[in-house]
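Here's data-v7.pdb, which has PDB, C-alpha atoms:
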```pdb
ATOM      1  CA  MET A   1      12.958  19.475  18.733
ATOM      2  CA  LYS A   2      10.205  18.338  16.362
ATOM      3  CA  LYS A   3       7.697  18.355  19.226
ATOM      4  CA  MET A   4       8.738  21.902  20.128
ATOM      5  CA  ILE A   5       8.296  23.051  16.529
ATOM      6  CA  VAL A   6       4.832  21.510  16.361
ATOM      7  CA  LEU A   7       3.819  23.191  19.627
ATOM      8  CA  MET A   8       5.017  26.560  18.319
ATOM      9  CA  LEU A   9       3.061  26.078  15.111
ATOM     10  CA  MET A  10      -0.062  25.128  17.049
ATOM     11  CA  LEU A  11       0.356  28.327  19.079
ATOM     12  CA  MET A  12       0.582  30.248  15.806
ATOM     13  CA  ILE A  13      -2.676  28.630  14.735
ATOM     14  CA  SER A  14      -4.374  29.786  17.939
ATOM     15  CA  LEU A  15      -3.107  33.336  17.516
ATOM     16  CA  TYR A  16      -4.100  33.329  13.863
ATOM     17  CA  ALA A  17      -7.610  32.199  14.758
ATOM     18  CA  VAL A  18      -8.038  35.247  16.967
ATOM     19  CA  SER A  19      -6.728  37.804  14.496
ATOM     20  CA  GLY A  20      -7.925  36.332  11.200
ATOM     21  CA  SER A  21     -10.581  37.960   9.038
ATOM     22  CA  ALA A  22     -12.928  36.824   6.299
ATOM     23  CA  VAL A  23     -11.606  36.482   2.757
ATOM     24  CA  THR A  24     -13.337  35.828  -0.539
ATOM     25  CA  PHE A  25     -12.746  32.838  -2.800
ATOM     26  CA  MET A  26     -13.804  32.341  -6.421
ATOM     27  CA  ASP A  27     -15.181  28.822  -6.728
ATOM     28  CA  ALA A  28     -15.084  26.605  -9.821
ATOM     29  CA  HIS A  29     -18.496  27.879 -10.928
ATOM     30  CA  GLY A  30     -17.347  31.508 -10.883
ATOM     31  CA  ASN A  31     -19.208  32.330  -7.670
ATOM     32  CA  THR A  32     -17.636  34.492  -4.991
ATOM     33  CA  VAL A  33     -17.674  32.688  -1.653
ATOM     34  CA  GLU A  34     -16.825  34.259   1.684
ATOM     35  CA  LEU A  35     -14.582  32.010   3.775
ATOM     36  CA  ASP A  36     -14.071  32.134   7.507
ATOM     37  CA  GLU A  37     -10.362  32.815   7.886
ATOM     38  CA  THR A  38     -10.547  32.303  11.645
ATOM     39  CA  LEU A  39     -10.418  28.604  10.754
ATOM     40  CA  SER A  40      -6.945  27.118  10.704
ATOM     41  CA  ALA A  41      -5.394  23.728  11.329
ATOM     42  CA  TYR A  42      -2.103  21.896  10.914
ATOM     43  CA  ALA A  43      -1.095  18.869   8.822
ATOM     44  CA  ASP A  44       1.964  16.872   9.824
ATOM     45  CA  PHE A  45       2.288  15.491   6.289
ATOM     46  CA  ASP A  46       1.498  16.438   2.715
ATOM     47  CA  MET A  47      -2.033  15.228   1.953
ATOM     48  CA  LEU A  48      -2.249  14.012  -1.637
ATOM     49  CA  GLY A  49      -5.132  14.812  -3.959
ATOM     50  CA  GLY A  50      -5.030  15.874  -7.601
ATOM     51  CA  ALA A  51      -3.611  13.308 -10.026
ATOM     52  CA  ASN A  52      -2.491  11.026  -7.185
ATOM     53  CA  ALA A  53      -6.088  10.558  -6.015
ATOM     54  CA  ARG A  54      -7.084   9.384  -9.500
ATOM     55  CA  GLU A  55      -4.712   6.426  -9.581
ATOM     56  CA  GLY A  56      -5.197   4.898  -6.127
ATOM     57  CA  GLU A  57      -5.911   5.448  -2.464
ATOM     58  CA  THR A  58      -4.324   8.540  -0.882
ATOM     59  CA  ASN A  59      -4.107   9.878   2.649
ATOM     60  CA  LEU A  60      -6.227  12.891   1.661
ATOM     61  CA  GLY A  61      -8.891  10.543   0.286
ATOM     62  CA  ASP A  62      -8.885   8.620   3.572
ATOM     63  CA  PHE A  63      -9.155  11.797   5.633
ATOM     64  CA  TRP A  64     -11.894  13.306   3.473
ATOM     65  CA  THR A  65     -14.115  10.219   3.418
ATOM     66  CA  ASP A  66     -13.540   9.595   7.133
ATOM     67  CA  ALA A  67     -14.961  13.054   7.824
ATOM     68  CA  LEU A  68     -18.105  12.273   5.849
ATOM     69  CA  ARG A  69     -18.620   8.876   7.404
ATOM     70  CA  TRP A  70     -18.038  10.301  10.894
ATOM     71  CA  PHE A  71     -20.619  13.018  10.234
ATOM     72  CA  ALA A  72     -23.234  10.361   9.519
ATOM     73  CA  ALA A  73     -22.234   7.746  12.100
ATOM     74  CA  SER A  74     -22.075  10.368  14.881
ATOM     75  CA  GLY A  75     -25.715  11.315  14.286
ATOM     76  CA  LEU A  76     -24.897  14.883  13.242
ATOM     77  CA  LEU A  77     -26.278  14.215   9.762
ATOM     78  CA  ASN A  78     -29.802  13.974  11.191
ATOM     79  CA  ALA A  79     -29.792  17.698  11.990
ATOM     80  CA  SER A  80     -29.086  18.512   8.324
ATOM     81  CA  PHE A  81     -32.094  17.061   6.565
ATOM     82  CA  GLU A  82     -34.237  19.441   4.517
ATOM     83  CA  GLU A  83     -37.329  20.834   6.237
ATOM     84  CA  ASP A  84     -39.704  18.638   4.243
ATOM     85  CA  ASP A  85     -37.640  15.559   5.105
ATOM     86  CA  VAL A  86     -37.741  16.495   8.782
ATOM     87  CA  LYS A  87     -41.511  16.907   8.645
ATOM     88  CA  ALA A  88     -41.725  13.472   7.080
ATOM     89  CA  GLY A  89     -39.718  12.059   9.979
ATOM     90  CA  LEU A  90     -36.700  11.191   7.881
ATOM     91  CA  THR A  91     -33.522  10.183   9.726
ATOM     92  CA  LEU A  92     -30.490   8.149   8.788
ATOM     93  CA  GLU A  93     -31.713   4.547   8.794
ATOM     94  CA  ALA A  94     -28.555   2.498   9.148
ATOM     95  CA  ASP A  95     -26.399   1.206  11.967
ATOM     96  CA  GLU A  96     -22.732   2.141  12.045
ATOM     97  CA  ALA A  97     -21.685  -1.166  10.475
ATOM     98  CA  HIS A  98     -23.668  -0.296   7.348
ATOM     99  CA  ILE A  99     -22.533   3.309   6.880
ATOM    100  CA  VAL A 100     -19.832   3.982   4.276
ATOM    101  CA  ALA A 101     -18.529   7.036   2.428
ATOM    102  CA  LEU A 102     -17.549   7.449  -1.230
ATOM    103  CA  TRP A 103     -15.812  10.477  -2.743
ATOM    104  CA  ASN A 104     -14.721  10.813  -6.363
ATOM    105  CA  ALA A 105     -11.072  11.683  -6.990
ATOM    106  CA  GLY A 106     -11.968  14.495  -9.378
ATOM    107  CA  ASN A 107     -13.358  16.423  -6.409
ATOM    108  CA  LEU A 108     -10.009  16.389  -4.620
ATOM    109  CA  ARG A 109      -8.562  18.981  -6.957
ATOM    110  CA  GLU A 110      -5.338  19.841  -5.141
ATOM    111  CA  ASP A 111      -2.887  18.515  -2.590
ATOM    112  CA  LEU A 112      -3.018  19.898   0.939
ATOM    113  CA  ALA A 113       0.536  20.835   1.886
ATOM    114  CA  SER A 114       1.953  20.048   5.309
ATOM    115  CA  GLY A 115       1.973  22.854   7.847
ATOM    116  CA  VAL A 116      -0.649  25.411   8.771
ATOM    117  CA  PHE A 117      -3.643  25.586   6.441
ATOM    118  CA  THR A 118      -6.846  27.604   6.378
ATOM    119  CA  ALA A 119     -10.313  27.503   4.858
ATOM    120  CA  GLU A 120      -8.839  28.784   1.604
ATOM    121  CA  GLN A 121      -6.640  25.699   1.193
ATOM    122  CA  ILE A 122      -9.629  23.411   1.841
ATOM    123  CA  ALA A 123     -11.595  25.395  -0.760
ATOM    124  CA  GLN A 124      -8.788  24.829  -3.248
ATOM    125  CA  VAL A 125      -9.081  21.091  -2.651
ATOM    126  CA  LEU A 126     -12.867  21.304  -3.171
ATOM    127  CA  PRO A 127     -13.726  24.444  -5.168
ATOM    128  CA  TYR A 128     -17.391  23.409  -5.484
ATOM    129  CA  PRO A 129     -20.416  24.119  -3.247
ATOM    130  CA  ASN A 130     -21.045  20.405  -2.684
ATOM    131  CA  LYS A 131     -23.511  19.265  -0.041
ATOM    132  CA  VAL A 132     -23.618  15.983   1.814
ATOM    133  CA  ALA A 133     -25.989  13.377   0.411
ATOM    134  CA  VAL A 134     -27.030   9.913   1.531
ATOM    135  CA  VAL A 135     -27.911   7.117  -0.892
ATOM    136  CA  TYR A 136     -29.246   3.725   0.166
ATOM    137  CA  MET A 137     -27.615   1.035  -1.966
ATOM    138  CA  THR A 138     -27.469  -2.732  -1.831
ATOM    139  CA  GLY A 139     -24.051  -4.301  -1.607
ATOM    140  CA  GLU A 140     -24.364  -5.430  -5.212
ATOM    141  CA  GLN A 141     -25.157  -1.876  -6.340
ATOM    142  CA  LEU A 142     -22.225  -0.557  -4.327
ATOM    143  CA  GLN A 143     -19.888  -3.039  -5.997
ATOM    144  CA  ARG A 144     -21.184  -2.114  -9.467
ATOM    145  CA  GLN A 145     -20.666   1.554  -8.628
ATOM    146  CA  LEU A 146     -17.033   0.888  -7.709
ATOM    147  CA  GLU A 147     -16.585  -1.245 -10.836
ATOM    148  CA  ALA A 148     -17.760   1.555 -13.129
ATOM    149  CA  CYS A 149     -15.763   4.211 -11.295
ATOM    150  CA  ALA A 150     -12.486   2.287 -11.628
ATOM    151  CA  GLN A 151     -12.779   1.743 -15.389
ATOM    152  CA  GLY A 152     -10.122   4.361 -16.246
ATOM    153  CA  LEU A 153      -7.384   2.508 -14.369
ATOM    154  CA  PRO A 154      -4.487   2.244 -14.926
ATOM    155  CA  VAL A 155      -4.020   5.993 -15.234
ATOM    156  CA  SER A 156      -2.580   7.291 -18.490
ATOM    157  CA  ASP A 157      -2.727  10.551 -20.407
ATOM    158  CA  GLU A 158      -5.699   9.141 -22.291
ATOM    159  CA  SER A 159      -7.579   7.902 -19.206
ATOM    160  CA  MET A 160      -6.862  10.752 -16.779
ATOM    161  CA  ASP A 161     -10.299  12.336 -17.300
ATOM    162  CA  ALA A 162     -12.047   8.994 -16.839
ATOM    163  CA  CYS A 163     -10.126   8.440 -13.600
ATOM    164  CA  ALA A 164     -11.822  11.485 -12.079
ATOM    165  CA  ALA A 165     -14.589   9.008 -11.189
ATOM    166  CA  PHE A 166     -12.292   6.756  -9.125
ATOM    167  CA  MET A 167     -13.678   6.434  -5.603
ATOM    168  CA  GLN A 168     -11.809   7.117  -2.390
ATOM    169  CA  VAL A 169     -13.633   5.367   0.454
ATOM    170  CA  SER A 170     -14.213   5.077   4.187
ATOM    171  CA  GLY A 171     -15.661   1.954   5.773
ATOM    172  CA  ILE A 172     -14.873  -0.188   2.730
ATOM    173  CA  GLU A 173     -11.934  -2.318   1.655
ATOM    174  CA  TYR A 174     -11.918  -3.230  -2.023
ATOM    175  CA  THR A 175      -9.631  -4.519  -4.756
ATOM    176  CA  VAL A 176      -9.365  -3.545  -8.430
ATOM    177  CA  ASP A 177      -7.834  -6.348 -10.497
ATOM    178  CA  LEU A 178      -6.249  -4.685 -13.536
ATOM    179  CA  THR A 179      -5.246  -8.061 -14.976
ATOM    180  CA  ARG A 180      -8.914  -8.496 -15.904
ATOM    181  CA  PRO A 181     -10.634  -6.424 -18.627
ATOM    182  CA  TYR A 182     -13.353  -3.908 -17.913
ATOM    183  CA  GLU A 183     -16.569  -5.175 -19.487
ATOM    184  CA  ALA A 184     -17.801  -1.957 -21.131
ATOM    185  CA  GLY A 185     -21.464  -1.419 -21.904
ATOM    186  CA  GLU A 186     -23.295   1.592 -23.325
ATOM    187  CA  PRO A 187     -21.695   5.061 -23.265
ATOM    188  CA  TYR A 188     -22.278   7.327 -20.266
ATOM    189  CA  GLY A 189     -21.144  10.945 -20.176
ATOM    190  CA  ASP A 190     -18.060  12.147 -22.010
ATOM    191  CA  HIS A 191     -15.465   9.664 -20.782
ATOM    192  CA  TRP A 192     -17.172   6.521 -19.534
ATOM    193  CA  ARG A 193     -19.156   3.411 -20.349
ATOM    194  CA  LYS A 194     -21.527   1.608 -18.036
ATOM    195  CA  ALA A 195     -20.323  -1.673 -16.563
ATOM    196  CA  GLU A 196     -21.769  -4.624 -18.454
ATOM    197  CA  LYS A 197     -20.936  -6.801 -15.441
ATOM    198  CA  ILE A 198     -18.701  -6.833 -12.378
ATOM    199  CA  SER A 199     -15.351  -8.160 -13.544
ATOM    200  CA  ARG A 200     -12.506  -6.254 -11.844
ATOM    201  CA  VAL A 201     -13.746  -5.045  -8.451
ATOM    202  CA  SER A 202     -14.189  -7.205  -5.384
ATOM    203  CA  VAL A 203     -15.238  -5.847  -1.988
ATOM    204  CA  THR A 204     -13.209  -7.418   0.805
ATOM    205  CA  SER A 205     -15.079  -6.089   3.836
ATOM    206  CA  VAL A 206     -17.301  -3.301   5.107
ATOM    207  CA  ASN A 207     -16.447  -1.778   8.476
ATOM    208  CA  GLY A 208     -14.518  -4.885   9.409
ATOM    209  CA  GLN A 209     -17.428  -7.198   8.642
ATOM    210  CA  PRO A 210     -17.968  -9.561   5.688
ATOM    211  CA  PHE A 211     -19.345  -7.849   2.591
ATOM    212  CA  GLU A 212     -23.050  -8.557   2.084
ATOM    213  CA  PRO A 213     -24.260  -8.213  -1.535
ATOM    214  CA  ASP A 214     -27.910  -8.263  -0.411
ATOM    215  CA  ALA A 215     -27.530  -5.915   2.559
ATOM    216  CA  VAL A 216     -28.508  -2.231   2.327
ATOM    217  CA  TYR A 217     -25.780   0.311   3.012
ATOM    218  CA  ALA A 218     -26.130   4.040   3.657
ATOM    219  CA  VAL A 219     -23.603   5.622   1.296
ATOM    220  CA  ILE A 220     -22.495   9.129   2.281
ATOM    221  CA  THR A 221     -21.333  11.171  -0.684
ATOM    222  CA  SER A 222     -21.904  14.504  -2.456
ATOM    223  CA  ASN A 223     -24.979  15.901  -4.170
ATOM    224  CA  ALA A 224     -23.053  15.694  -7.454
ATOM    225  CA  ASN A 225     -22.570  11.928  -7.248
ATOM    226  CA  PHE A 226     -26.144  11.577  -5.953
ATOM    227  CA  ASN A 227     -27.248  13.150  -9.247
ATOM    228  CA  GLY A 228     -25.098  10.842 -11.403
ATOM    229  CA  MET A 229     -21.969  12.943 -11.962
ATOM    230  CA  ASP A 230     -19.054  11.272 -13.765
ATOM    231  CA  VAL A 231     -20.152   7.631 -14.033
ATOM    232  CA  SER A 232     -22.294   7.469 -10.867
ATOM    233  CA  TYR A 233     -25.320   6.172 -12.756
ATOM    234  CA  VAL A 234     -25.750   3.258 -10.293
ATOM    235  CA  MET A 235     -25.902   5.705  -7.402
ATOM    236  CA  LYS A 236     -28.421   7.878  -9.232
ATOM    237  CA  GLU A 237     -30.627   4.874  -9.974
ATOM    238  CA  ALA A 238     -30.437   3.741  -6.351
ATOM    239  CA  ALA A 239     -31.333   7.231  -5.095
ATOM    240  CA  GLU A 240     -34.346   7.399  -7.381
ATOM    241  CA  ALA A 241     -35.509   3.956  -6.274
ATOM    242  CA  ASP A 242     -35.336   4.616  -2.512
ATOM    243  CA  GLU A 243     -37.181   7.700  -1.291
ATOM    244  CA  ARG A 244     -35.099   7.754   1.898
ATOM    245  CA  SER A 245     -32.114   8.834  -0.202
ATOM    246  CA  THR A 246     -31.689  12.600  -0.074
ATOM    247  CA  ILE A 247     -29.422  15.628  -0.355
ATOM    248  CA  THR A 248     -28.979  17.421   2.961
ATOM    249  CA  THR A 249     -28.280  21.052   3.812
ATOM    250  CA  ALA A 250     -24.789  20.237   5.165
ATOM    251  CA  VAL A 251     -21.970  21.853   3.169
ATOM    252  CA  VAL A 252     -19.108  19.404   2.655
ATOM    253  CA  ARG A 253     -16.340  21.921   3.417
ATOM    254  CA  ASP A 254     -18.070  22.743   6.725
ATOM    255  CA  VAL A 255     -18.207  19.046   7.590
ATOM    256  CA  ILE A 256     -14.482  18.721   6.900
ATOM    257  CA  TRP A 257     -13.759  21.529   9.361
ATOM    258  CA  GLN A 258     -16.127  20.083  11.942
ATOM    259  CA  TYR A 259     -14.256  16.775  11.775
ATOM    260  CA  LEU A 260     -10.943  18.612  12.049
ATOM    261  CA  THR A 261     -12.129  20.476  15.126
ATOM    262  CA  ASP A 262     -14.252  17.920  16.961
ATOM    263  CA  VAL A 263     -12.239  14.756  16.253
ATOM    264  CA  LEU A 264      -8.692  15.734  15.278
ATOM    265  CA  SER A 265      -8.290  18.843  17.470
ATOM    266  CA  ASN A 266      -7.217  20.831  14.393
ATOM    267  CA  ARG A 267      -4.256  18.624  13.598
ATOM    268  CA  ILE A 268      -3.942  15.941  10.922
ATOM    269  CA  GLY A 269      -1.464  13.586  12.515
ATOM    270  CA  SER A 270       0.161  10.184  12.212
ATOM    271  CA  GLU A 271      -3.039   8.269  11.403
ATOM    272  CA  TYR A 272      -2.987   9.968   7.994
ATOM    273  CA  GLU A 273       0.729   9.775   7.289
ATOM    274  CA  LYS A 274       0.108   7.165   4.579
ATOM    275  CA  PRO A 275      -2.884   5.557   2.841
ATOM    276  CA  GLN A 276      -4.481   3.058   5.191
ATOM    277  CA  GLY A 277      -4.747   0.092   2.833
ATOM    278  CA  ARG A 278      -8.432   0.374   1.969
ATOM    279  CA  ILE A 279      -7.929   0.005  -1.776
ATOM    280  CA  GLN A 280      -5.698  -2.576  -3.427
ATOM    281  CA  ILE A 281      -4.760  -2.192  -7.084
ATOM    282  CA  VAL A 282      -3.598  -5.458  -8.702
ATOM    283  CA  LYS A 283      -1.422  -4.596 -11.706
TER     284      LYS A 283
END
```

Starting from the coordinates I provided, produce the structure as structure tokens.
Amino acid sequence: MKKMIVLMLMLMISLYAVSGSAVTFMDAHGNTVELDETLSAYADFDMLGGANAREGETNLGDFWTDALRWFAASGLLNASFEEDDVKAGLTLEADEAHIVALWNAGNLREDLASGVFTAEQIAQVLPYPNKVAVVYMTGEQLQRQLEACAQGLPVSDESMDACAAFMQVSGIEYTVDLTRPYEAGEPYGDHWRKAEKISRVSVTSVNGQPFEPDAVYAVITSNANFNGMDVSYVMKEAAEADERSTITTAVVRDVIWQYLTDVLSNRIGSEYEKPQGRIQIVK
């Protein structure tokens, strides 16, 4: 019976794709964006963003970062470099084992409910015109980035804003040990302090391989984090230090749909029923 229901819903998606029309969406900056309402897909499960994504790994965080990492590892990212970067011969300079994706929880604004969803629901999850960026970071820099971004944990009414920086990930397994104190340094932004040292975050592995503090990883993220949003000061410093780091022309919401279409056949299924165990929170 369940299989029959799913097949009927998938048929509805196909029919909807033929008859749909463009709609407008007001993004978080007050800009009117035209969305392609011929895009539709189906989620077997509720995909959790919002407050849930600020306190630990969620299935939506896994899905979202997987899309970004896939976009880079598949080679599609190379077609999205700015014209000047292309003229300079810039391409993604990392093998698949050294490509990871980071996405801050504050940019997963809403849950994605199970059932049929369209471009409008994806825009509600990410109501910003973010573009895909790549930052080359050493393993040590990557660990410091995760340390700073987890400083708001455990989530409380007082730390909810700080937890917007918490990173969902693809290609990384890491642990946040809340039994240890966060070593706070100088203030950064409205809600954060820089990490004086790495005290709570340990990286278990990267793409199934041992973590290498001295290795260079290509970190796929958004232009906002590239520019130091929230407490991404380590990422900003790394981007400024390595001229290969850049913001591409690829729009994140478009990449999400491309992953849905090309990899998942427009259905978020059992692989995203639950968080996949990439982030461990020790309380």

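Taken over the shown file, the PyMOL selection byres ((chain A and resi 208-211) around 9) identifies Ala97, Gly139, Gly171, Ile172, Glu173, Val203, Thr204, Ser205, Val206, Asn207, Glu212, Pro213 and Ala215 of chain A.
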
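Proximity ranking of A:Glu120, A:Asp36, A:Asp84, A:Asp62 relative to Leu102 (chain A) places A:Asp62 first, based on only C-alpha atoms.
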
Residues selected by the PyMOL selection byres ((chain A and resi 182) around 10), written as a ChimeraX atom specification: /A:147-148,150-153,177-181,183-185,193-201

### Query
Using all atoms listed in the file, what residues lie at most 12 Å away from (-26.8, 7.1, -12.8) (file coordinates), given as a PyMOL selection string?
chain A and resi 135+141+144-145+148-149+187-189+192-195+224-241

- [ ] Identify all residues satisfying the PyMOL selection byres ((chain A and resi 162) around 7) in the given file; provide them as a count of residues only.
- [x] 9

Report as a list in words all protein, DNA and RNA residues lying within 8 Å of Asp27 (chain A), evaluated on all atoms listed in the file, omitting residues in the same chain fewer than 6 positions from it.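 Non-adjacent residues within range: Val33, Ala123, Pro127, Tyr128 and Pro129 of chain A.
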
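Distances from A:Leu76, A:Val216, A:Ile256, A:Ala101 to Ile268 (chain A) were compared using only C-alpha atoms, and the smallest one belongs to A:Ile256.
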
So, counting all atoms listed in the file, which residue among A:Asn31, A:Ser74, A:Ser245, A:Gln124 is closest to Leu90 (chain A)?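 So, comparing all the options, the nearest one is A:Ser245.
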
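With only C-alpha atoms as the atoms that count, the residue of A:Asn130, A:Thr58, A:Gln168, A:Ser202 with the shortest distance to Phe45 (chain A) is A:Thr58.
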
Discussion item. Please determine, counting all atoms listed in the file, which residue among A:Phe63, A:Val86, A:Thr38, A:Val155 has the shortest atom-to-atom distance to Arg267 (chain A).
Written reply: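 Comparing A:Phe63, A:Val86, A:Thr38, A:Val155 against Arg267 (chain A), the winner is A:Phe63.
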
**Item:** Among listed residues A:Thr91, A:Trp257, A:Arg244, A:Ala51, nearest Asp157 (chain A) (using only C-alpha atoms)
**Value:**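 Checking each of A:Thr91, A:Trp257, A:Arg244, A:Ala51 against Asp157 (chain A), counting only C-alpha atoms, the winner is A:Ala51.
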
Using all atoms listed in the file, give me every residue within 10 Å of (-5.9, 0.0, -1.1) in file coordinates, as a PyMOL selection string. chain A and resi 56-58+168-169+172-176+275-282

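Our summary of the geometry notes that CA of Thr32 (chain A) is positioned 23.3 Å from CA of Ala133 (chain A).
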
Region 169-211 of chain A dumped to file, C-alpha atoms, as a PDB file, in the first residue's frame:
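Saved result, decode13.pdb, follows:
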```pdb
ATOM      1  CA  VAL A 169      28.910  18.735   7.312  1.00  0.00           C
ATOM      2  CA  SER A 170      29.530  16.278   4.493  1.00  0.00           C
ATOM      3  CA  GLY A 171      32.743  14.288   4.214  1.00  0.00           C
ATOM      4  CA  ILE A 172      33.667  14.906   7.852  1.00  0.00           C
ATOM      5  CA  GLU A 173      33.039  13.086  11.111  1.00  0.00           C
ATOM      6  CA  TYR A 174      33.661  15.166  14.216  1.00  0.00           C
ATOM      7  CA  THR A 175      32.915  15.259  17.931  1.00  0.00           C
ATOM      8  CA  VAL A 176      32.045  18.184  20.212  1.00  0.00           C
ATOM      9  CA  ASP A 177      32.896  17.410  23.839  1.00  0.00           C
ATOM     10  CA  LEU A 178      30.599  19.590  25.958  1.00  0.00           C
ATOM     11  CA  THR A 179      32.227  18.349  29.165  1.00  0.00           C
ATOM     12  CA  ARG A 180      35.165  20.604  28.274  1.00  0.00           C
ATOM     13  CA  PRO A 181      34.958  24.427  28.362  1.00  0.00           C
ATOM     14  CA  TYR A 182      35.159  26.587  25.276  1.00  0.00           C
ATOM     15  CA  GLU A 183      38.350  28.637  25.483  1.00  0.00           C
ATOM     16  CA  ALA A 184      36.996  32.057  24.460  1.00  0.00           C
ATOM     17  CA  GLY A 185      39.251  34.704  22.974  1.00  0.00           C
ATOM     18  CA  GLU A 186      38.471  38.161  21.603  1.00  0.00           C
ATOM     19  CA  PRO A 187      34.907  39.108  20.601  1.00  0.00           C
ATOM     20  CA  TYR A 188      33.750  38.482  17.033  1.00  0.00           C
ATOM     21  CA  GLY A 189      30.418  39.719  15.709  1.00  0.00           C
ATOM     22  CA  ASP A 190      27.366  40.072  17.918  1.00  0.00           C
ATOM     23  CA  HIS A 191      27.231  36.640  19.533  1.00  0.00           C
ATOM     24  CA  TRP A 192      30.644  35.004  19.381  1.00  0.00           C
ATOM     25  CA  ARG A 193      34.234  34.959  20.560  1.00  0.00           C
ATOM     26  CA  LYS A 194      37.191  33.605  18.652  1.00  0.00           C
ATOM     27  CA  ALA A 195      38.610  30.287  19.816  1.00  0.00           C
ATOM     28  CA  GLU A 196      41.701  30.803  21.949  1.00  0.00           C
ATOM     29  CA  LYS A 197      42.619  27.168  21.276  1.00  0.00           C
ATOM     30  CA  ILE A 198      41.037  23.903  20.173  1.00  0.00           C
ATOM     31  CA  SER A 199      39.554  22.354  23.296  1.00  0.00           C
ATOM     32  CA  ARG A 200      36.185  20.732  22.499  1.00  0.00           C
ATOM     33  CA  VAL A 201      36.235  19.616  18.857  1.00  0.00           C
ATOM     34  CA  SER A 202      38.057  16.590  17.519  1.00  0.00           C
ATOM     35  CA  VAL A 203      37.866  15.452  13.892  1.00  0.00           C
ATOM     36  CA  THR A 204      37.503  11.684  13.654  1.00  0.00           C
ATOM     37  CA  SER A 205      37.922  11.196   9.907  1.00  0.00           C
ATOM     38  CA  VAL A 206      37.578  12.861   6.525  1.00  0.00           C
ATOM     39  CA  ASN A 207      35.904  10.876   3.757  1.00  0.00           C
ATOM     40  CA  GLY A 208      36.682   7.660   5.573  1.00  0.00           C
ATOM     41  CA  GLN A 209      40.381   8.455   5.871  1.00  0.00           C
ATOM     42  CA  PRO A 210      42.413   9.562   8.913  1.00  0.00           C
ATOM     43  CA  PHE A 211      42.209  13.287   9.615  1.00  0.00           C
TER      44      PHE A 211
END
```
